[in-house]
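Chemist: The file below is data22.txt, compact mmCIF, C-alpha atoms:
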# COMPACT_ATOMS: atom_id res chain seq x y z
CA MET A 3 78.80 130.87 109.92
CA LEU A 4 79.71 128.39 107.18
CA THR A 5 79.46 124.64 107.63
CA GLU A 6 82.57 122.56 106.99
CA PHE A 7 80.93 121.37 103.76
CA GLN A 8 80.38 124.97 102.63
CA LYS A 9 83.97 125.84 103.54
CA MET A 10 85.25 122.88 101.52
CA ARG A 11 83.21 123.78 98.44
CA SER A 12 84.31 127.42 98.78
CA GLY A 13 88.03 126.60 98.82
CA LEU A 14 88.43 127.44 102.50
CA LEU A 15 90.24 125.31 105.06
CA ALA A 16 87.72 122.67 106.16
CA ASP A 17 87.82 120.08 108.93
CA THR A 18 87.41 116.69 107.26
CA SER A 19 86.53 115.03 110.59
CA ASP A 20 83.23 116.95 110.62
CA MET A 21 80.29 114.57 111.15
CA ASP A 22 78.29 116.00 108.21
CA LEU A 23 81.25 115.51 105.85
CA ARG A 24 81.72 111.97 107.20
CA ALA A 25 78.02 111.20 106.62
CA ARG A 26 78.24 112.53 103.04
CA LEU A 27 81.34 110.39 102.41
CA ASP A 28 79.65 107.32 103.89
CA ARG A 29 76.59 107.82 101.67
CA ALA A 30 78.79 108.12 98.59
CA LYS A 31 80.86 105.06 99.53
CA GLN A 32 77.68 102.97 99.90
CA LEU A 33 76.48 104.07 96.45
CA ILE A 34 79.95 103.45 94.96
CA ASN A 35 79.89 99.94 96.39
CA GLN A 36 76.46 99.32 94.83
CA LEU A 37 77.54 100.79 91.50
CA ASN A 38 80.76 98.82 91.29
CA SER A 39 79.51 95.49 92.63
CA GLN A 40 75.94 95.33 91.34
CA THR A 41 75.93 97.08 87.97
CA TYR A 42 77.68 97.49 84.68
CA LEU A 43 77.27 100.24 82.11
CA HIS A 44 74.00 99.09 80.53
CA SER A 45 72.49 97.08 83.39
CA THR A 46 68.98 97.73 84.64
CA ASP A 47 69.98 99.47 87.89
CA TYR A 48 72.94 101.43 86.49
CA ARG A 49 71.18 104.74 85.72
CA ASN A 50 69.30 104.78 89.04
CA ILE A 51 72.45 104.26 91.13
CA ILE A 52 74.74 106.55 89.11
CA LYS A 53 72.18 109.40 89.27
CA GLN A 54 71.98 109.05 93.06
CA LEU A 55 75.76 109.19 93.27
CA VAL A 56 76.34 111.85 90.57
CA PRO A 57 73.08 113.82 90.36
CA HIS A 58 74.60 116.36 87.93
CA LEU A 59 75.31 113.71 85.27
CA SER A 60 73.53 114.47 82.01
CA ASP A 61 71.14 111.73 80.86
CA SER A 62 73.11 111.45 77.60
CA SER A 63 76.41 110.85 79.43
CA SER A 64 77.88 107.75 81.06
CA ILE A 65 80.41 106.84 83.72
CA THR A 66 81.63 103.25 83.36
CA PRO A 67 81.99 101.23 86.57
CA PRO A 68 84.14 100.77 88.47
CA PHE A 69 84.19 104.42 89.42
CA TYR A 70 85.43 106.15 92.57
CA CYS A 71 84.77 109.59 94.04
CA ASP A 72 84.52 111.36 97.38
CA TYR A 73 81.02 112.86 97.36
CA GLY A 74 79.63 112.58 93.81
CA ASP A 75 77.42 115.65 94.09
CA GLY A 76 80.41 117.85 93.29
CA ILE A 77 80.77 116.32 89.82
CA ILE A 78 78.98 118.09 86.97
CA VAL A 79 79.01 116.33 83.59
CA GLY A 80 77.68 117.90 80.38
CA GLU A 81 75.86 116.30 77.45
CA HIS A 82 77.20 113.32 75.47
CA CYS A 83 80.26 112.61 77.66
CA PHE A 84 81.85 109.23 78.13
CA ILE A 85 83.95 108.47 81.20
CA ASN A 86 85.68 105.11 80.92
CA PHE A 87 86.24 102.61 83.73
CA ASN A 88 88.39 102.88 86.86
CA CYS A 89 88.38 106.67 87.11
CA THR A 90 88.79 108.48 90.44
CA PHE A 91 87.33 111.97 90.90
CA LEU A 92 88.01 113.59 94.29
CA ASP A 93 85.29 116.22 94.38
CA GLY A 94 85.86 118.29 97.52
CA ALA A 95 85.51 121.26 95.17
CA PHE A 96 83.45 121.07 92.00
CA ILE A 97 84.70 119.06 89.05
CA THR A 98 82.97 120.33 85.91
CA ILE A 99 83.22 118.47 82.60
CA GLY A 100 81.91 120.06 79.41
CA SER A 101 79.78 118.43 76.74
CA HIS A 102 81.12 115.90 74.20
CA THR A 103 84.19 115.18 76.32
CA LEU A 104 85.83 111.74 76.42
CA ILE A 105 87.76 110.59 79.47
CA GLY A 106 89.92 107.47 79.19
CA PRO A 107 90.31 104.69 81.75
CA ASN A 108 92.21 105.24 85.00
CA VAL A 109 91.98 109.04 84.84
CA GLN A 110 92.31 110.77 88.20
CA ILE A 111 90.97 114.25 88.89
CA TYR A 112 91.87 115.78 92.24
CA SER A 113 90.39 118.90 93.81
CA PRO A 114 91.68 118.58 97.43
CA HIS A 115 94.88 120.21 98.70
CA HIS A 116 96.68 119.32 101.90
CA PRO A 117 98.71 121.91 103.81
CA MET A 118 102.34 122.23 102.77
CA ASN A 119 103.57 122.39 106.37
CA TYR A 120 103.94 118.87 107.75
CA LEU A 121 102.66 119.84 111.20
CA GLU A 122 99.52 121.32 109.67
CA ARG A 123 99.09 118.15 107.55
CA ARG A 124 98.76 116.14 110.76
CA GLN A 125 95.44 117.87 111.40
CA THR A 126 92.23 116.79 109.70
CA LYS A 127 92.02 119.92 107.57
CA GLU A 128 92.31 120.53 103.85
CA THR A 129 91.24 122.93 101.13
CA ALA A 130 89.92 122.19 97.66
CA SER A 131 90.12 123.99 94.31
CA PRO A 132 87.71 123.36 91.42
CA VAL A 133 88.74 121.56 88.25
CA THR A 134 87.09 122.52 84.96
CA ILE A 135 87.33 120.64 81.67
CA GLY A 136 85.83 122.26 78.57
CA ASP A 137 83.70 120.94 75.73
CA ASP A 138 84.95 118.43 73.15
CA CYS A 139 88.06 117.41 75.10
CA TRP A 140 89.81 114.06 75.08
CA ILE A 141 91.58 113.11 78.31
CA GLY A 142 93.89 110.16 77.61
CA GLY A 143 93.95 107.11 79.86
CA GLY A 144 95.95 107.28 83.05
CA SER A 145 96.11 111.07 83.11
CA ILE A 146 96.10 112.96 86.39
CA ILE A 147 94.59 116.43 86.67
CA LEU A 148 95.60 118.40 89.76
CA PRO A 149 93.54 120.82 91.90
CA GLY A 150 92.59 124.18 90.43
CA VAL A 151 93.34 123.26 86.80
CA THR A 152 91.17 124.55 83.96
CA ILE A 153 91.35 122.79 80.60
CA GLY A 154 89.85 124.77 77.73
CA ASP A 155 87.60 123.55 74.91
CA ARG A 156 88.77 121.04 72.28
CA CYS A 157 91.93 120.05 74.17
CA ILE A 158 93.72 116.73 74.05
CA ILE A 159 95.57 115.48 77.10
CA GLY A 160 98.01 112.70 76.14
CA ALA A 161 97.73 109.38 77.96
CA GLY A 162 99.61 109.29 81.24
CA SER A 163 99.98 113.06 81.50
CA VAL A 164 100.07 114.95 84.79
CA VAL A 165 98.32 118.27 84.27
CA THR A 166 99.60 120.80 86.79
CA LYS A 167 98.64 124.06 85.04
CA ASP A 168 95.78 125.47 83.00
CA VAL A 169 95.56 124.35 79.36
CA PRO A 170 94.26 126.91 76.81
CA SER A 171 91.55 125.90 74.34
CA ASP A 172 92.64 124.03 71.18
CA THR A 173 95.85 122.77 72.78
CA THR A 174 97.40 119.30 73.00
CA VAL A 175 99.57 118.56 76.03
CA ALA A 176 101.44 115.47 77.17
CA GLY A 177 104.02 114.38 79.71
CA ASN A 178 104.84 114.75 83.38
CA PRO A 179 104.39 117.57 83.95
CA ALA A 180 102.20 118.08 80.89
CA LYS A 181 103.72 120.41 78.29
CA VAL A 182 102.27 121.84 75.10
CA ILE A 183 103.04 119.65 72.08
CA LYS A 184 100.57 121.24 69.66
Show me the file's structure as structure tokens.
Modeler:
Amino acid sequence: MLTEFQKMRSGLLADTSDMDLRARLDRAKQLINQLNSQTYLHSTDYRNIIKQLVPHLSDSSSITPPFYCDYGDGIIVGEHCFINFNCTFLDGAFITIGSHTLIGPNVQIYSPHHPMNYLERRQTKETASPVTIGDDCWIGGGSIILPGVTIGDRCIIGAGSVVTKDVPSDTTVAGNPAKVIK
């Protein structure tokens, strides 16, 4: 039998009122508070706190505070990435970011889904779909990437875009919803 955490990470309907999920959220929120109130990008305690929150962050990559996420351990960041300030990554499912990728300020990446039926939404259940961003991408400030989206290598996402569908490698998209412009 799967735990609610395992269900969530597997894309199955999970009960978000589960005590283990709540404890994981609480731990992350405590670390987020420390990160955002006690550190800045090159401060002494920054690397220690960010690695506790996001253990799959490459040593050559940085996430600029303030930063917000659900769990942190569902975020995987490759080599030489820079994630600018005020980003929100909801990592019910895995969020994977390739190497040499730049993410602008105020970018939001969502993996959770809520049920479409309003009666089902009243329950404490949701699913999550992974988000994958390839190598050498540039995600413009204020962009929103929705659950289940895969962005290929060397893509550019124009500032303020809402990415609702997969983006093939070597493509530039912009707009709401994001459309191919190059």
Chemist: From the set A:Ala95, A:Leu43, A:Val151, A:Val165, which residue has the shortest atom-to-atom contact distance to Lys9 (chain A), counting only C-alpha atoms?
Modeler: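 Using only C-alpha atoms, the shortest distance to Lys9 (chain A) belongs to A:Ala95.
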Chemist: Counting only C-alpha atoms, which residues come within 7 Å of (102.6, 115.2, 82.5), with the point read in the file's coordinates, and could you list them as a list of chain:residue names?
Modeler: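 Every polymer residue passing the test: A:Gly162, A:Ser163, A:Val164, A:Val165, A:Ala176, A:Gly177, A:Asn178, A:Pro179, A:Ala180, A:Lys181.
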Chemist: In Å, how far is it from CA of Ile158 (chain A) to CA of Pro107 (chain A)?
Modeler: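 Value for the CA of Ile158 (chain A)-CA of Pro107 (chain A) distance: 14.7 Å.
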Chemist: What gap, in Å, lies between CA of His116 (chain A) and CA of Thr174 (chain A)?
Modeler: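 Between CA of His116 (chain A) and CA of Thr174 (chain A) the gap is 28.9 Å.
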Chemist: I'd like the neighbourhood of Val109 (chain A) as an NGL selection string, where a residue qualifies if any of its atoms comes within 6 Å (using only C-alpha atoms), though same-chain residues fewer than 3 positions away should be ignored.
Modeler: :A and (89 or 143-146)
Chemist: Please indicate the distance in Å from CA of Gln54 (chain A) to CA of Ala25 (chain A), rounded to one decimal place.
Modeler: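 Interatomic distance here is 15.0 Å.
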Chemist: Would you please work out which residue, of A:Gly100, A:Pro68, A:Gly94, A:Pro117, is nearest to Leu23 (chain A) when using all atoms listed in the file?
Modeler: A:Gly94
Chemist: Within 10 Å of Gly106 (chain A), counting only C-alpha atoms, which residues show up once you throw out same-chain ones fewer than 4 positions away? Write them as a short mmCIF file (atom, residue, chain, number, x, y, z; two decimals) with C-alpha atoms, in the coordinates of the input, please.
Modeler:
data_model
loop_
_atom_site.label_atom_id
_atom_site.label_comp_id
_atom_site.auth_asym_id
_atom_site.auth_seq_id
_atom_site.Cartn_x
_atom_site.Cartn_y
_atom_site.Cartn_z
CA PHE A 84 81.85 109.23 78.13
CA ILE A 85 83.95 108.47 81.20
CA ASN A 86 85.68 105.11 80.92
CA PHE A 87 86.24 102.61 83.73
CA ASN A 88 88.39 102.88 86.86
CA CYS A 89 88.38 106.67 87.11
CA GLN A 110 92.31 110.77 88.20
CA TRP A 140 89.81 114.06 75.08
CA ILE A 141 91.58 113.11 78.31
CA GLY A 142 93.89 110.16 77.61
CA GLY A 143 93.95 107.11 79.86
CA GLY A 144 95.95 107.28 83.05
CA SER A 145 96.11 111.07 83.11
CA ALA A 161 97.73 109.38 77.96
#
Chemist: Name all residues at most 12 Å from Ser131 (chain A) (count all atoms listed in the file; drop same-chain ones fewer than 2 positions away) and give them as a PyMOL selection string.
Modeler: chain A and resi 9-15+76+92-98+111-116+128-129+133-134+147-152
Chemist: With C-alpha atoms retained, export the selected residues as an mmCIF file, in the coordinates of the input.
Modeler:
data_model
loop_
_atom_site.group_PDB
_atom_site.id
_atom_site.type_symbol
_atom_site.label_atom_id
_atom_site.label_comp_id
_atom_site.auth_asym_id
_atom_site.auth_seq_id
_atom_site.Cartn_x
_atom_site.Cartn_y
_atom_site.Cartn_z
ATOM 1 C CA LYS A 9 83.970 125.840 103.540
ATOM 2 C CA MET A 10 85.250 122.880 101.520
ATOM 3 C CA ARG A 11 83.210 123.780 98.440
ATOM 4 C CA SER A 12 84.310 127.420 98.780
ATOM 5 C CA GLY A 13 88.030 126.600 98.820
ATOM 6 C CA LEU A 14 88.430 127.440 102.500
ATOM 7 C CA LEU A 15 90.240 125.310 105.060
ATOM 8 C CA GLY A 76 80.410 117.850 93.290
ATOM 9 C CA LEU A 92 88.010 113.590 94.290
ATOM 10 C CA ASP A 93 85.290 116.220 94.380
ATOM 11 C CA GLY A 94 85.860 118.290 97.520
ATOM 12 C CA ALA A 95 85.510 121.260 95.170
ATOM 13 C CA PHE A 96 83.450 121.070 92.000
ATOM 14 C CA ILE A 97 84.700 119.060 89.050
ATOM 15 C CA THR A 98 82.970 120.330 85.910
ATOM 16 C CA ILE A 111 90.970 114.250 88.890
ATOM 17 C CA TYR A 112 91.870 115.780 92.240
ATOM 18 C CA SER A 113 90.390 118.900 93.810
ATOM 19 C CA PRO A 114 91.680 118.580 97.430
ATOM 20 C CA HIS A 115 94.880 120.210 98.700
ATOM 21 C CA HIS A 116 96.680 119.320 101.900
ATOM 22 C CA GLU A 128 92.310 120.530 103.850
ATOM 23 C CA THR A 129 91.240 122.930 101.130
ATOM 24 C CA VAL A 133 88.740 121.560 88.250
ATOM 25 C CA THR A 134 87.090 122.520 84.960
ATOM 26 C CA ILE A 147 94.590 116.430 86.670
ATOM 27 C CA LEU A 148 95.600 118.400 89.760
ATOM 28 C CA PRO A 149 93.540 120.820 91.900
ATOM 29 C CA GLY A 150 92.590 124.180 90.430
ATOM 30 C CA VAL A 151 93.340 123.260 86.800
ATOM 31 C CA THR A 152 91.170 124.550 83.960
#
Chemist: I'd like the box whose edges run along x, y and z of the file and which contains every listed atom of region 143-161 of chain A, padded by 5 Å per side; could you state its centre and edge lengths in Å, one decimal, as lines of an AutoDock Vina configuration file?
Modeler:
center_x = 92.8
center_y = 115.9
center_z = 82.1
size_x = 20.4
size_y = 27.7
size_z = 29.6
Chemist: Excluding Ser60 (chain A) and any residue of its chain fewer than 4 positions from it, enumerate the residues within 10 Å of it, using only C-alpha atoms, and give them as a VMD selection string.
Modeler: chain A and resid 53 56 64 78 to 83 101
Chemist: Taking only C-alpha atoms into account, name the residue in A:Asp155, A:Asp72, A:Glu6, A:Glu122 that is nearest to Thr103 (chain A).
Modeler: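 Going through A:Asp155, A:Asp72, A:Glu6, A:Glu122 one by one, the smallest distance to Thr103 (chain A) is for A:Asp155.
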